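Engineer: Pasting upload_26.cif here (mmCIF, C-alpha atoms):
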data_query
loop_
_atom_site.label_atom_id
_atom_site.label_comp_id
_atom_site.auth_asym_id
_atom_site.auth_seq_id
_atom_site.Cartn_x
_atom_site.Cartn_y
_atom_site.Cartn_z
CA MET A 29 -32.93 22.68 -7.10
CA MET A 30 -31.95 23.62 -3.60
CA LEU A 31 -35.43 22.80 -2.38
CA ASN A 32 -35.15 19.45 -4.09
CA ASP A 33 -31.84 18.77 -2.36
CA LEU A 34 -33.43 19.71 0.91
CA PHE A 35 -36.26 17.21 0.51
CA SER A 36 -34.06 14.40 -0.69
CA LYS A 37 -31.76 14.98 2.28
CA TRP A 38 -34.69 14.83 4.64
CA ARG A 39 -36.10 11.74 3.06
CA GLY A 40 -32.62 10.27 2.99
CA THR A 41 -33.03 9.09 -0.59
CA LYS A 42 -29.93 10.69 -2.06
CA LYS A 43 -26.93 8.43 -2.10
CA SER A 44 -23.63 10.13 -1.46
CA SER A 45 -20.84 9.69 -3.97
CA SER A 46 -18.69 8.01 -1.33
CA GLN A 47 -21.36 5.34 -0.80
CA THR A 48 -21.39 4.73 -4.54
CA ALA A 49 -17.61 4.54 -4.49
CA LYS A 50 -17.63 1.98 -1.68
CA GLN A 51 -20.13 -0.25 -3.45
CA ARG A 52 -18.27 -0.09 -6.75
CA LEU A 53 -15.04 -0.82 -4.94
CA GLN A 54 -16.43 -3.86 -3.15
CA CYS A 55 -17.78 -5.24 -6.42
CA ALA A 56 -14.50 -4.64 -8.21
CA ILE A 57 -12.53 -6.41 -5.50
CA VAL A 58 -14.88 -9.39 -5.42
CA TYR A 59 -14.58 -9.62 -9.18
CA ASP A 60 -10.78 -9.31 -9.04
CA ASN A 61 -10.62 -12.18 -6.59
CA LEU A 62 -12.71 -14.38 -8.86
CA GLU A 63 -10.23 -14.10 -11.66
CA VAL A 64 -8.58 -17.42 -12.38
CA THR A 65 -5.35 -17.76 -14.29
CA ASP A 66 -4.99 -20.20 -17.16
CA ASP A 67 -2.39 -22.16 -15.19
CA VAL A 68 -4.87 -22.82 -12.41
CA LEU A 69 -7.52 -23.85 -14.90
CA ILE A 70 -5.18 -26.26 -16.66
CA SER A 71 -4.05 -27.96 -13.45
CA LEU A 72 -7.64 -28.11 -12.19
CA LYS A 73 -8.65 -29.75 -15.45
CA SER A 74 -6.01 -32.43 -15.17
CA ASP A 75 -7.01 -33.14 -11.55
CA ILE A 76 -10.66 -33.43 -12.54
CA ILE A 77 -9.76 -35.82 -15.36
CA ASP A 78 -7.90 -37.99 -12.84
CA VAL A 79 -10.88 -38.15 -10.51
CA LEU A 80 -13.45 -38.74 -13.25
CA SER A 81 -11.35 -41.50 -14.77
CA LYS A 82 -11.78 -43.49 -11.58
CA TYR A 83 -15.53 -43.76 -12.24
CA PHE A 84 -16.05 -43.21 -15.95
CA LYS A 85 -14.32 -43.90 -19.16
CA ILE A 86 -13.98 -40.44 -20.64
CA ASP A 87 -12.31 -38.86 -23.60
CA SER A 88 -9.84 -36.56 -21.91
CA LYS A 89 -9.39 -34.57 -25.11
CA ALA A 90 -13.08 -33.78 -25.39
CA ILE A 91 -13.37 -32.37 -21.91
CA SER A 92 -13.97 -28.64 -21.61
CA LEU A 93 -13.64 -26.56 -18.49
CA ASP A 94 -14.51 -22.89 -18.47
CA ILE A 95 -15.51 -20.11 -16.20
CA GLU A 96 -18.72 -18.47 -17.25
CA ARG A 97 -19.53 -15.07 -15.95
CA SER A 98 -22.88 -13.44 -15.79
CA LYS A 99 -23.75 -10.10 -14.30
CA ASP A 100 -23.71 -11.18 -10.69
CA SER A 101 -22.34 -14.67 -10.54
CA SER A 102 -19.48 -16.75 -11.73
CA ALA A 103 -19.77 -20.46 -12.56
CA LEU A 104 -17.36 -23.22 -13.31
CA VAL A 105 -18.72 -25.18 -16.25
CA LEU A 106 -17.46 -28.65 -17.07
CA ASN A 107 -18.53 -30.54 -20.15
CA THR A 108 -17.49 -34.06 -20.94
CA PRO A 109 -18.92 -36.94 -22.95
CA ILE A 110 -19.09 -40.19 -20.98
CA LEU A 111 -17.98 -43.18 -23.01
CA SER A 112 -18.96 -45.73 -20.38
CA THR A 113 -19.00 -46.25 -16.67
CA ILE A 114 -16.39 -48.32 -14.96
CA ARG A 115 -18.10 -51.21 -13.21
CA ARG A 116 -16.57 -52.35 -9.99
CA MET B 26 19.21 -6.59 19.48
CA GLU B 27 18.61 -6.88 15.77
CA GLY B 28 16.78 -4.12 13.95
CA LYS B 29 13.61 -4.32 11.91
CA VAL B 30 13.17 -4.01 8.17
CA ILE B 31 9.86 -2.41 7.21
CA VAL B 32 8.69 -2.04 3.62
CA ILE B 33 6.43 0.87 2.72
CA THR B 34 4.35 -0.03 -0.29
CA SER B 35 1.07 0.74 -2.06
CA GLY B 36 0.66 -0.82 -5.46
CA LYS B 37 -0.49 2.40 -7.05
CA GLY B 38 1.96 5.18 -7.69
CA GLY B 39 1.67 8.71 -6.38
CA VAL B 40 -0.15 7.99 -3.15
CA GLY B 41 2.63 9.24 -0.88
CA LYS B 42 4.95 6.29 -0.26
CA THR B 43 8.11 8.34 -0.59
CA THR B 44 6.83 11.15 1.62
CA ALA B 45 5.68 8.57 4.16
CA THR B 46 9.06 6.82 4.13
CA ALA B 47 11.02 10.05 4.52
CA SER B 48 8.72 11.35 7.26
CA ILE B 49 8.43 8.16 9.29
CA GLY B 50 12.18 7.62 8.98
CA ALA B 51 12.89 11.16 10.20
CA ALA B 52 10.43 10.79 13.07
CA LEU B 53 11.96 7.48 14.20
CA ALA B 54 15.43 9.04 14.13
CA ARG B 55 14.17 11.96 16.20
CA GLU B 56 13.07 9.43 18.78
CA GLY B 57 16.67 8.35 19.04
CA LYS B 58 16.67 5.29 16.81
CA LYS B 59 19.31 4.65 14.18
CA VAL B 60 17.37 4.64 10.92
CA ALA B 61 18.15 3.83 7.29
CA VAL B 62 15.70 4.81 4.59
CA VAL B 63 16.34 2.87 1.41
CA ASP B 64 15.13 3.99 -2.01
CA MET B 65 14.17 0.79 -3.82
CA ASP B 66 12.83 2.58 -6.89
CA ILE B 67 15.86 1.68 -8.98
CA GLY B 68 15.99 3.73 -12.17
CA LEU B 69 13.53 6.31 -10.88
CA ARG B 70 15.04 7.50 -7.64
CA ASN B 71 13.28 10.25 -5.74
CA LEU B 72 13.73 9.74 -2.04
CA ASP B 73 17.00 11.71 -2.25
CA VAL B 74 15.29 14.87 -3.57
CA VAL B 75 12.36 14.55 -1.19
CA MET B 76 14.85 14.46 1.69
CA GLY B 77 17.03 17.22 0.24
CA LEU B 78 20.11 15.00 0.02
CA GLU B 79 20.41 14.74 -3.77
CA ASN B 80 23.75 16.58 -3.89
CA ARG B 81 25.52 14.08 -1.72
CA VAL B 82 24.81 10.82 -3.54
CA VAL B 83 27.97 8.77 -4.14
CA PHE B 84 27.13 5.07 -3.87
CA ASN B 85 23.72 3.41 -4.05
CA ILE B 86 21.82 0.25 -3.14
CA VAL B 87 22.93 -1.59 -6.31
CA ASP B 88 26.58 -0.90 -5.35
CA ILE B 89 25.91 -2.42 -1.92
CA VAL B 90 24.29 -5.49 -3.45
CA ARG B 91 27.20 -5.95 -5.85
CA ASN B 92 29.72 -5.53 -3.03
CA LYS B 93 31.23 -2.42 -4.60
CA CYS B 94 30.90 -0.65 -1.28
CA ARG B 95 29.84 -1.22 2.30
CA ILE B 96 26.51 0.00 3.67
CA ASN B 97 28.14 2.77 5.71
CA GLN B 98 29.94 4.06 2.61
CA ALA B 99 26.69 4.39 0.68
CA ALA B 100 24.65 5.75 3.59
CA ILE B 101 24.22 9.52 3.43
CA ARG B 102 23.95 11.03 6.88
CA ASP B 103 21.24 13.65 7.31
CA ARG B 104 22.89 16.68 8.92
CA ARG B 105 19.64 18.03 10.37
CA ILE B 106 18.54 14.86 12.14
CA ASP B 107 20.98 12.65 14.00
CA ASN B 108 20.95 8.95 13.25
CA LEU B 109 19.04 9.31 9.96
CA PHE B 110 20.70 7.81 6.88
CA LEU B 111 19.62 7.57 3.26
CA ILE B 112 20.59 4.75 0.93
CA PRO B 113 19.80 6.09 -2.55
CA ALA B 114 18.64 4.06 -5.52
CA SER B 115 20.76 3.76 -8.61
CA GLN B 116 19.54 5.91 -11.46
CA SER B 117 21.32 4.06 -14.29
CA ASP B 118 20.27 0.49 -13.50
CA ASN B 119 16.81 -1.04 -13.59
CA LYS B 120 14.68 -3.21 -11.33
CA ASP B 121 16.19 -6.40 -12.76
CA SER B 122 19.69 -5.35 -11.73
CA ILE B 123 19.21 -7.02 -8.36
CA THR B 124 17.31 -10.08 -7.20
CA PRO B 125 15.03 -10.75 -4.22
CA GLU B 126 17.57 -13.31 -2.92
CA GLU B 127 20.31 -10.68 -2.94
CA MET B 128 18.03 -8.31 -1.03
CA VAL B 129 17.40 -10.94 1.65
CA THR B 130 21.17 -11.10 2.20
CA VAL B 131 21.58 -7.32 2.25
CA CYS B 132 18.70 -6.93 4.70
CA LYS B 133 20.58 -9.12 7.17
CA GLU B 134 23.38 -6.54 7.12
CA PHE B 135 20.90 -3.69 7.57
CA ARG B 136 19.41 -5.38 10.62
CA LYS B 137 22.84 -5.49 12.22
CA GLU B 138 23.60 -1.83 11.60
CA PHE B 139 20.26 -0.06 12.08
CA ASP B 140 17.34 -0.16 14.51
CA PHE B 141 14.94 0.52 11.66
CA THR B 142 15.39 0.09 7.92
CA LEU B 143 12.55 1.52 5.85
CA MET B 144 12.27 0.30 2.27
CA ASP B 145 10.60 2.76 -0.09
CA CYS B 146 8.94 0.34 -2.52
CA PRO B 147 8.32 1.31 -6.15
CA ALA B 148 4.81 1.27 -7.58
CA GLY B 149 3.68 -1.93 -9.27
CA ILE B 150 3.72 -5.60 -8.38
CA GLU B 151 6.66 -6.71 -10.48
CA ARG B 152 10.33 -7.21 -9.73
CA GLY B 153 10.79 -3.89 -7.95
CA PHE B 154 8.09 -4.85 -5.46
CA GLU B 155 9.56 -8.33 -5.05
CA ASN B 156 12.99 -6.84 -4.33
CA ALA B 157 11.67 -4.37 -1.77
CA VAL B 158 9.55 -6.95 0.06
CA ALA B 159 11.95 -9.90 -0.04
CA GLY B 160 13.92 -9.10 3.12
CA ALA B 161 11.21 -7.22 5.02
CA ASP B 162 9.93 -8.23 8.45
CA GLU B 163 6.90 -5.95 8.38
CA ALA B 164 4.94 -3.94 5.84
CA VAL B 165 3.05 -0.67 5.82
CA VAL B 166 0.58 -0.16 2.99
CA VAL B 167 -0.24 3.42 2.00
CA CYS B 168 -3.46 4.25 0.18
CA THR B 169 -5.56 7.31 -0.47
CA PRO B 170 -9.37 7.36 -0.17
CA GLU B 171 -9.87 6.76 -3.89
CA ILE B 172 -11.26 3.70 -5.60
CA SER B 173 -8.18 3.05 -7.72
CA SER B 174 -5.79 3.32 -4.82
CA VAL B 175 -7.85 1.12 -2.49
CA ARG B 176 -8.26 -1.55 -5.15
CA ASP B 177 -4.50 -1.65 -5.73
CA ALA B 178 -3.93 -1.75 -1.98
CA ASP B 179 -6.19 -4.80 -1.80
CA ARG B 180 -4.05 -6.54 -4.39
CA ILE B 181 -0.84 -5.65 -2.58
CA ILE B 182 -2.25 -6.82 0.76
CA GLY B 183 -3.08 -10.18 -0.85
CA LEU B 184 0.48 -10.50 -2.15
CA LEU B 185 1.91 -9.60 1.26
CA TYR B 186 -0.25 -12.20 3.00
CA ALA B 187 1.07 -14.76 0.53
CA LYS B 188 4.55 -13.84 1.81
CA LYS B 189 3.38 -14.32 5.42
CA ILE B 190 3.48 -10.60 6.18
CA THR B 191 0.48 -8.97 7.87
CA PRO B 192 0.53 -5.37 6.71
CA LYS B 193 -0.68 -2.26 8.49
CA LEU B 194 -2.52 0.51 6.69
CA ILE B 195 -2.00 4.25 6.35
CA VAL B 196 -4.85 6.18 4.76
CA ASN B 197 -3.19 9.26 3.31
CA ARG B 198 -4.52 12.56 1.93
CA ILE B 199 -7.85 12.51 3.71
CA ILE B 200 -9.89 15.67 3.12
CA PRO B 201 -12.14 15.77 6.21
CA SER B 202 -14.68 18.23 4.80
CA MET B 203 -15.24 16.00 1.77
CA VAL B 204 -15.60 12.92 3.97
CA GLU B 205 -18.16 14.73 6.12
CA ARG B 206 -20.06 15.80 3.01
CA GLY B 207 -20.13 12.19 1.81
CA ASP B 208 -17.97 12.85 -1.22
CA MET B 209 -14.88 10.95 -0.12
CA LEU B 210 -14.48 7.42 1.20
CA SER B 211 -14.02 7.60 4.96
CA HIS B 212 -11.25 5.67 6.68
CA GLU B 213 -13.94 3.34 8.04
CA ASP B 214 -15.02 2.56 4.47
CA VAL B 215 -11.45 1.83 3.48
CA VAL B 216 -10.76 -0.38 6.50
CA ASP B 217 -14.07 -2.12 5.92
CA VAL B 218 -13.15 -2.99 2.34
CA LEU B 219 -9.54 -3.97 3.03
CA SER B 220 -10.01 -5.49 6.51
CA VAL B 221 -6.53 -4.70 7.81
CA ASP B 222 -5.33 -2.86 10.90
CA LEU B 223 -4.82 0.87 10.71
CA ILE B 224 -1.55 2.40 11.78
CA GLY B 225 -2.39 5.99 10.95
CA LEU B 226 -4.61 8.51 9.19
CA VAL B 227 -2.98 11.43 7.41
CA GLU B 228 -4.83 14.52 6.34
CA MET B 229 -4.28 16.29 3.03
CA ASP B 230 -1.72 18.96 3.84
CA ASP B 231 -0.23 21.74 1.69
CA GLN B 232 2.87 21.63 3.85
CA VAL B 233 3.85 18.32 2.23
CA ILE B 234 4.42 20.10 -1.06
CA VAL B 235 6.17 23.00 0.64
CA SER B 236 8.58 20.75 2.50
CA THR B 237 9.23 18.66 -0.62
CA ASN B 238 9.98 21.89 -2.52
CA THR B 239 12.72 22.74 -0.07
CA GLY B 240 13.79 19.20 0.78
CA SER B 241 13.27 19.77 4.49
CA PRO B 242 11.83 17.12 6.82
CA LEU B 243 8.06 17.41 7.20
CA VAL B 244 8.14 16.14 10.77
CA MET B 245 10.26 19.10 11.90
CA ASN B 246 7.41 21.42 10.95
CA LYS B 247 5.11 21.49 13.97
CA GLU B 248 2.44 23.33 11.98
CA SER B 249 2.06 20.42 9.60
CA LYS B 250 -0.85 18.13 10.40
CA ALA B 251 0.58 15.47 8.11
CA GLY B 252 3.94 15.79 9.86
CA VAL B 253 2.32 15.25 13.25
CA ALA B 254 0.37 12.26 11.90
CA PHE B 255 3.56 10.67 10.51
CA SER B 256 5.33 11.24 13.84
CA ARG B 257 2.54 9.39 15.59
CA ILE B 258 2.82 6.54 13.09
CA ALA B 259 6.53 6.36 13.91
CA MET B 260 5.69 6.12 17.63
CA ARG B 261 3.32 3.25 16.89
CA LEU B 262 6.05 1.43 14.99
CA ASN B 263 8.49 2.17 17.78
CA GLY B 264 6.99 0.23 20.65
CA GLN B 265 3.74 2.13 21.20
CA PRO B 266 1.30 0.16 19.06
CA ASP B 267 -1.69 1.24 21.13
CA LEU B 268 -1.26 4.98 20.69
CA PRO B 269 -4.76 6.05 19.55
CA VAL B 270 -5.23 6.84 15.86
CA GLU B 271 -6.49 10.41 15.55
CA ILE B 272 -9.24 10.98 13.04
CA PRO B 273 -8.79 14.11 10.91
CA ARG B 274 -11.74 16.47 11.30
CA SER B 275 -12.66 19.58 9.39
CA HIS B 276 -12.73 22.86 11.23
CA GLU B 277 -15.85 24.19 9.63
CA GLY B 278 -17.99 26.48 11.73
CA PHE B 279 -21.06 25.21 13.50
CA PHE B 280 -23.54 27.02 11.27
CA LYS B 281 -21.94 25.88 8.04
CA LYS B 282 -22.06 22.30 9.29
CA MET B 283 -25.67 22.58 10.41
CA GLY B 284 -26.58 24.21 7.13
CA ARG B 285 -25.19 21.26 5.29
CA LYS B 286 -26.88 18.76 7.58
CA ILE B 287 -30.31 20.15 6.78
CA GLY B 288 -29.48 20.46 3.10
CA MET B 289 -29.05 24.20 2.80
CA ARG B 290 -25.47 23.91 1.65
CA LYS B 291 -23.52 21.57 -0.48
#
Can the structure from this file be put into structure tokens for me?
Structural biologist:
Amino acid sequence: MMLNDLFSKWRGTKKSSSQTAKQRLQCAIVYDNLEVTDDVLISLKSDIIDVLSKYFKIDSKAISLDIERSKDSSALVLNTPILSTIRR
Amino acid sequence: MEGKVIVITSGKGGVGKTTATASIGAALAREGKKVAVVDMDIGLRNLDVVMGLENRVVFNIVDIVRNKCRINQAAIRDRRIDNLFLIPASQSDNKDSITPEEMVTVCKEFRKEFDFTLMDCPAGIERGFENAVAGADEAVVVCTPEISSVRDADRIIGLLYAKKITPKLIVNRIIPSMVERGDMLSHEDVVDVLSVDLIGLVEMDDQVIVSTNTGSPLVMNKESKAGVAFSRIAMRLNGQPDLPVEIPRSHEGFFKKMGRKIGMRK
């Protein structure tokens, strides 16, 4: 075991627990900062409806806005049926 | 000249806010400043016992806010250190007993009477935190080199920025031998993650518990490494911002260190 430790130290392959801690911490903080409250989502949704309504006729009740999270990314997903475009 | 109100906060509980407040307050008073340390942990007061002044509590911060007494009636003078005063928290009220707006008003009074007013903030980010921060000019965030504490510090720092306060950081309870072994986050790691300015590094020190046991000021104990570190933090707050931050080092022997470097020791 000791010999093993010795080799891994020399090869520099062994990660110290503080390095692990730092990485986990950075991930946790990034994740924390990505958290969006429902209030923000609701007001964002109403702003988006306003903008979209300038160009399309949409059903504002059918619009869905969500945050989808995968292992290493976070995406804002908007789904809305378009009834028609507004010709200008 | 008007004094400064500094809040000492952390987010997480048990990282050493109260010890830091008592020690920095005592050190500032020893430098000749008139200092008030205010226990904002309403309902769970502790600064009084840490400072050894628990037998002399008459009025408290809630009484001041409600105009039941004046600041100088509630302030308990420390008999060992001139110019050091404690404003205790109330034990029977709760955090909702006062409002941030009321604290802003009270802080104006504190600025008139004291050179430095240190607010010992309760743990958490709710009303108690809001009350403690409301009237503050500056903030000191205390964290330990642990994941949970640093994460909470990050949250607190965000909230302070939102209030237009740029906080300074104390990394407390550093165990140098563990840092050197790679088993504890170093202060560089912590600063890297939080990206704030350091105001001091404090080593883990048994003397903190000893001085809390007896209620005697840590900074009067010259043997205490933590006491010395807190005194230096006080000097940085008191017009010497460029005083170098000393990095705690272990005092392991040369051979032990070398042994570990080449992997012969853990």
Engineer: Ranking B:Arg102, B:Lys189, B:Arg206, B:Arg136 by minimum distance to Lys43 in chain A and counting only C-alpha atoms, which one comes first?
Structural biologist: B:Arg206
Engineer: Might you spell out which residues the PyMOL selection byres ((chain A and resi 110-115) around 7) would select in the displayed file, as a PyMOL selection string?
Structural biologist: chain A and resi 83-86+108-109+116
Engineer: Put those residues in a file: C-alpha atoms, as a PDB file, in the coordinates of the input.
Structural biologist:
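As a result, again.pdb now contains:
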ATOM      1  CA  TYR A  83     -15.530 -43.760 -12.240  1.00  0.00           C
ATOM      2  CA  PHE A  84     -16.050 -43.210 -15.950  1.00  0.00           C
ATOM      3  CA  LYS A  85     -14.320 -43.900 -19.160  1.00  0.00           C
ATOM      4  CA  ILE A  86     -13.980 -40.440 -20.640  1.00  0.00           C
ATOM      5  CA  THR A 108     -17.490 -34.060 -20.940  1.00  0.00           C
ATOM      6  CA  PRO A 109     -18.920 -36.940 -22.950  1.00  0.00           C
ATOM      7  CA  ARG A 116     -16.570 -52.350  -9.990  1.00  0.00           C
TER       8      ARG A 116
END
Engineer: Need the shell around range 217-229 of chain B: protein/DNA/RNA residues with any atom at most 9 Å away, counting all atoms listed in the file. Skip same-chain ones fewer than 2 positions apart. Format as a ChimeraX atom specification?
Structural biologist: /A:50,53-54,57 /B:165,175-176,178-179,182,191-201,212-215,231-233,250-255,257-258,261-262,266,269-274
Engineer: Could you please determine the separation between CA of Glu138 in chain B and CA of Ile112 in chain B in Å, to one decimal place?
Structural biologist: 12.9 Å
Engineer: Between B:Ala61, B:Val167, B:Met26, B:Val129, which is the closest to Gly41 in chain B once you count only C-alpha atoms?
Structural biologist: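 Of B:Ala61, B:Val167, B:Met26, B:Val129, the one nearest Gly41 in chain B is B:Val167, counting only C-alpha atoms.
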Engineer: Taking only C-alpha atoms into account, which residues of chain B are within 6 Å of chain A, as a list in words?
Structural biologist: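 So the contacting residues turn out to be Ile172, Gly207, Asp208, Met209, Leu210 and Gly288 of chain B.
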Engineer: Got a sec to resolve the PyMOL selection byres ((chain B and resi 30) around 12) on this structure and send the residues as number ranges by chain?
Structural biologist: B: 27-29, 31-33, 50, 60-63, 128-129, 131-145, 157-165, 190, 262
Engineer: State, in Å with one decimal place, the distance from CA of Asp94 in chain A to CA of Leu106 in chain A.
Structural biologist: 6.6 Å
Engineer: As AutoDock Vina command-line options, please: the centre and edge lengths in Å, to one decimal, of an axis-aligned box enclosing every listed atom of range 262-276 of chain B with 3 Å added on each side.
Structural biologist:
--center_x -2.1 --center_y 11.5 --center_z 15.3 --size_x 27.2 --size_y 28.7 --size_z 17.8
Engineer: Using only C-alpha atoms, which residues sit within 8 Å of Ala148 in chain B once same-chain residues fewer than 5 positions away are excluded, as a list in words?
Structural biologist: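 Listing them by chain and then by number gives Thr34, Ser35, Gly36, Lys37, Gly38, Gly153 and Phe154 of chain B.
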Engineer: Could you give me, as a PyMOL selection string, the residues within 12 Å of range 82-90 of chain B, counting all atoms listed in the file and dropping anything in the same chain fewer than 4 positions from it?
Structural biologist: chain B and resi 61-68+70-74+76-78+94-103+110-135+144-145+156-157
Engineer: If I only have part of range 91-110 of chain A, can you fill in N, CA and C atoms and write it as a short mmCIF file (atom, residue, chain, number, x, y, z; two decimals), in the coordinates of the input?
Structural biologist:
data_model
loop_
_atom_site.label_atom_id
_atom_site.label_comp_id
_atom_site.auth_asym_id
_atom_site.auth_seq_id
_atom_site.Cartn_x
_atom_site.Cartn_y
_atom_site.Cartn_z
N ILE A 91 -12.89 -33.06 -23.10
CA ILE A 91 -13.37 -32.37 -21.91
C ILE A 91 -13.16 -30.85 -22.03
N SER A 92 -14.16 -30.10 -21.60
CA SER A 92 -13.97 -28.64 -21.61
C SER A 92 -14.30 -28.07 -20.25
N LEU A 93 -13.46 -27.18 -19.80
CA LEU A 93 -13.64 -26.56 -18.49
C LEU A 93 -13.51 -25.05 -18.66
N ASP A 94 -14.54 -24.34 -18.30
CA ASP A 94 -14.51 -22.89 -18.47
C ASP A 94 -15.16 -22.18 -17.30
N ILE A 95 -14.82 -20.92 -17.19
CA ILE A 95 -15.51 -20.11 -16.20
C ILE A 95 -16.47 -19.19 -16.94
N GLU A 96 -17.73 -19.31 -16.60
CA GLU A 96 -18.72 -18.47 -17.25
C GLU A 96 -19.17 -17.39 -16.30
N ARG A 97 -19.15 -16.19 -16.81
CA ARG A 97 -19.53 -15.07 -15.95
C ARG A 97 -20.82 -14.44 -16.40
N SER A 98 -21.70 -14.24 -15.47
CA SER A 98 -22.88 -13.44 -15.79
C SER A 98 -22.76 -12.16 -14.97
N LYS A 99 -23.82 -11.41 -14.94
CA LYS A 99 -23.75 -10.10 -14.30
C LYS A 99 -23.38 -10.20 -12.82
N ASP A 100 -23.98 -11.15 -12.12
CA ASP A 100 -23.71 -11.18 -10.69
C ASP A 100 -23.27 -12.54 -10.16
N SER A 101 -22.90 -13.42 -11.06
CA SER A 101 -22.34 -14.67 -10.54
C SER A 101 -21.31 -15.23 -11.49
N SER A 102 -20.56 -16.16 -10.98
CA SER A 102 -19.48 -16.75 -11.73
C SER A 102 -19.62 -18.26 -11.58
N ALA A 103 -19.57 -19.01 -12.68
CA ALA A 103 -19.77 -20.46 -12.56
C ALA A 103 -18.68 -21.22 -13.28
N LEU A 104 -18.33 -22.34 -12.69
CA LEU A 104 -17.36 -23.22 -13.31
C LEU A 104 -18.16 -24.24 -14.11
N VAL A 105 -17.93 -24.29 -15.41
CA VAL A 105 -18.72 -25.18 -16.25
C VAL A 105 -17.84 -26.26 -16.86
N LEU A 106 -18.23 -27.53 -16.56
CA LEU A 106 -17.46 -28.65 -17.07
C LEU A 106 -18.33 -29.45 -18.03
N ASN A 107 -17.79 -29.75 -19.19
CA ASN A 107 -18.53 -30.54 -20.15
C ASN A 107 -17.68 -31.71 -20.61
N THR A 108 -18.26 -32.91 -20.45
CA THR A 108 -17.49 -34.06 -20.94
C THR A 108 -18.43 -35.18 -21.40
N PRO A 109 -18.14 -35.76 -22.55
CA PRO A 109 -18.92 -36.94 -22.95
C PRO A 109 -18.48 -38.14 -22.12
N ILE A 110 -19.44 -38.96 -21.72
CA ILE A 110 -19.09 -40.19 -20.98
C ILE A 110 -19.11 -41.35 -21.97
#
